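K.L.:
Can you read through this structure? Questions will come right after.
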Amino acid sequence: MAYSRQEALGLLERALAEGRLGHAYLISGEAGSGPDEFANEFAGLFLGDGSIRVENDPDFHAIAPESKSRRILTDQIRALEEAIHRTPEKGSRKVAVIRDADRMMPQAANAFLKTLEEPPSGSLLLLTTSLPEALLETIRSRCLAVVLRSEGDRPLGERGRRLADAMGKIFAPGGRVDATAAFGLTRLFRDLLADVREEAEERMDEELSAEKARFGKTTEGDWDAREDSLKAAAEADVLGERSRLLSVMGDHFATELRRVAAGGGTGTEESRRLLRQLDALERLRTGLERGVQEALALEAGFLELMAVSRQD
């Protein structure tokens, strides 16, 4: 059963008060449900800090994907384990959080098993993920599940719907996952971003013109600096929409992965293919975030996506 964050926190608060709290929780949920934010709220409750201050608590320790491949590596797990085996600096409790736990490399996940089996005294282990099915069964079985629901449906918008429709056609059973499909998807994605840029530039021009008309005669403002500021804001809107569109693509594969898992297909070739597709998207996102030229990154990323989709 999925709970709202408030409902789940209330249940865990009662378990803590009654001495029934487990030592490890796997916190998952659909897009918009906020597993990471909930982990902070839960940790703040456990440590007595509140979620706003918890990340500054010396007994709060968290890791997230940091490598070039956006994976959690064994060295990160070892450092986290070392931290939570130390004596708490205040009180008697400590918290370890693994964000995007489905991104653990297999060696890292296996290295964490012993800590899950024999956690340090007074510790609380929290793993967050939007894809619990991608975690090793040995990890999932050692954690209590907290499934969160979104407080509201995330609207796709016209651009999101166009992209979602294209994904459904390209990756339907028997669909052509080849170079032609990759170039078509690249063209659609770039066209959608071009629409966003055009809208953002129009808003920028309108806002700048309105400000000049209102204040131009009474203020000796630095209009060049204001224009640069508005351009930066417009580009931020574009980057935000780019991220949302990539999430629409990821949601397609994540939904399919959940369907396969619900049918008992975990570990099958279909589930492995879906995980490869999600990995390819994550590599594309990482490249874009590092400033790789957008057009080339999209073309190369979608070619790779088609390639991993064809692997047997």
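Residues in the structure tokens are named by chain (A, B, ... in the order shown) and by number from 1 within that chain; ligands are numbered from 1 in the order shown.
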Can you list, as a PyMOL selection string, all residues belonging to range 88-212 of chain A that DSSP tags as strand (DSSP E or B)?
P.N.:
chain A and resi 94-98+104+123-129+144-148
K.L.:
Near Pro88 in chain A, within 10 Å and counting only C-alpha atoms, which residues show up once chain neighbours fewer than 2 positions away are dropped, as a list in words?
P.N.:
Pro58, Asp59, Phe60, Ala83, Ile84, His85, Arg86, Lys90, Gly91, Ser92, Arg93, Lys94, Val95, Gly122 and Ser123 of chain A
K.L.:
Would you write out those residues with C-alpha atoms, as a short mmCIF file (atom, residue, chain, number, x, y, z; two decimals), in the first residue's frame?
P.N.:
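Below you can see again_23.cif, which holds the result:
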```
data_model
loop_
_atom_site.label_atom_id
_atom_site.label_comp_id
_atom_site.auth_asym_id
_atom_site.auth_seq_id
_atom_site.Cartn_x
_atom_site.Cartn_y
_atom_site.Cartn_z
CA PRO A 58 27.23 15.10 12.54
CA ASP A 59 25.42 11.78 12.97
CA PHE A 60 23.64 12.04 9.60
CA ALA A 83 31.08 6.62 9.32
CA ILE A 84 28.12 4.81 10.88
CA HIS A 85 30.32 2.41 12.84
CA ARG A 86 31.84 5.36 14.69
CA LYS A 90 25.75 13.46 20.12
CA GLY A 91 23.16 11.22 21.70
CA SER A 92 23.11 7.54 20.83
CA ARG A 93 21.68 7.49 17.31
CA LYS A 94 23.01 7.80 13.78
CA VAL A 95 21.49 7.62 10.29
CA GLY A 122 21.53 2.78 17.39
CA SER A 123 21.71 3.12 13.60
#
```
K.L.:
Rank A:Gly287, A:Gly168, A:Gly34, A:Gly240 by their smallest atom-to-atom distance to Thr129 in chain A, using only C-alpha atoms, and report the top residue only.
P.N.:
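For Thr129 in chain A, the nearest of the given residues is A:Gly34.
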K.L.:
Restricting the calculation to only C-alpha atoms, which member of A:Val238, A:Leu116, A:Ile139, A:Leu305 is positioned closest to Val177 in chain A?
P.N.:
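For Val177 in chain A, the nearest of the candidates is A:Leu305.
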K.L.:
Report as number ranges by chain all protein, DNA and RNA residues lying within 12 Å of Gly184 in chain A, evaluated on only C-alpha atoms, omitting residues in the same chain fewer than 3 positions from it.
P.N.:
A: 163, 166-167, 169-170, 176-181, 187-191, 298-299, 302-303, 306
K.L.:
Extract, using only C-alpha atoms, all DNA, RNA and protein residues at most 8 Å from range 243-255 of chain A, discarding same-chain residues fewer than 4 positions from it, and format them as a PyMOL selection string.
P.N.:
chain A and resi 131+156+159-160+163-164+167-168+239+259+274+277-278+281+285
K.L.:
If I take CA of Ala300 in chain A and CA of Asp279 in chain A, how far is one from the other in Å, to one decimal?
P.N.:
14.0 Å
K.L.:
Quick check for you: according to DSSP on this backbone, which residues of range 17-191 of chain A are classed as alpha helix (DSSP H)? Reply as a VMD selection string.
P.N.:
chain A and resid 17 35 to 47 74 to 84 106 to 117 137 to 140 157 to 170 179 to 191
K.L.:
Between CA of Asp36 in chain A and CA of Asp165 in chain A, what is the spacing in Å?
P.N.:
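Spanning CA of Asp165 in chain A to CA of Asp36 in chain A is a straight-line distance of 29.3 Å.
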K.L.:
Between CA of Asp237 in chain A and CA of Glu198 in chain A, measure the distance and give it in Å to one decimal.
P.N.:
11.1 Å
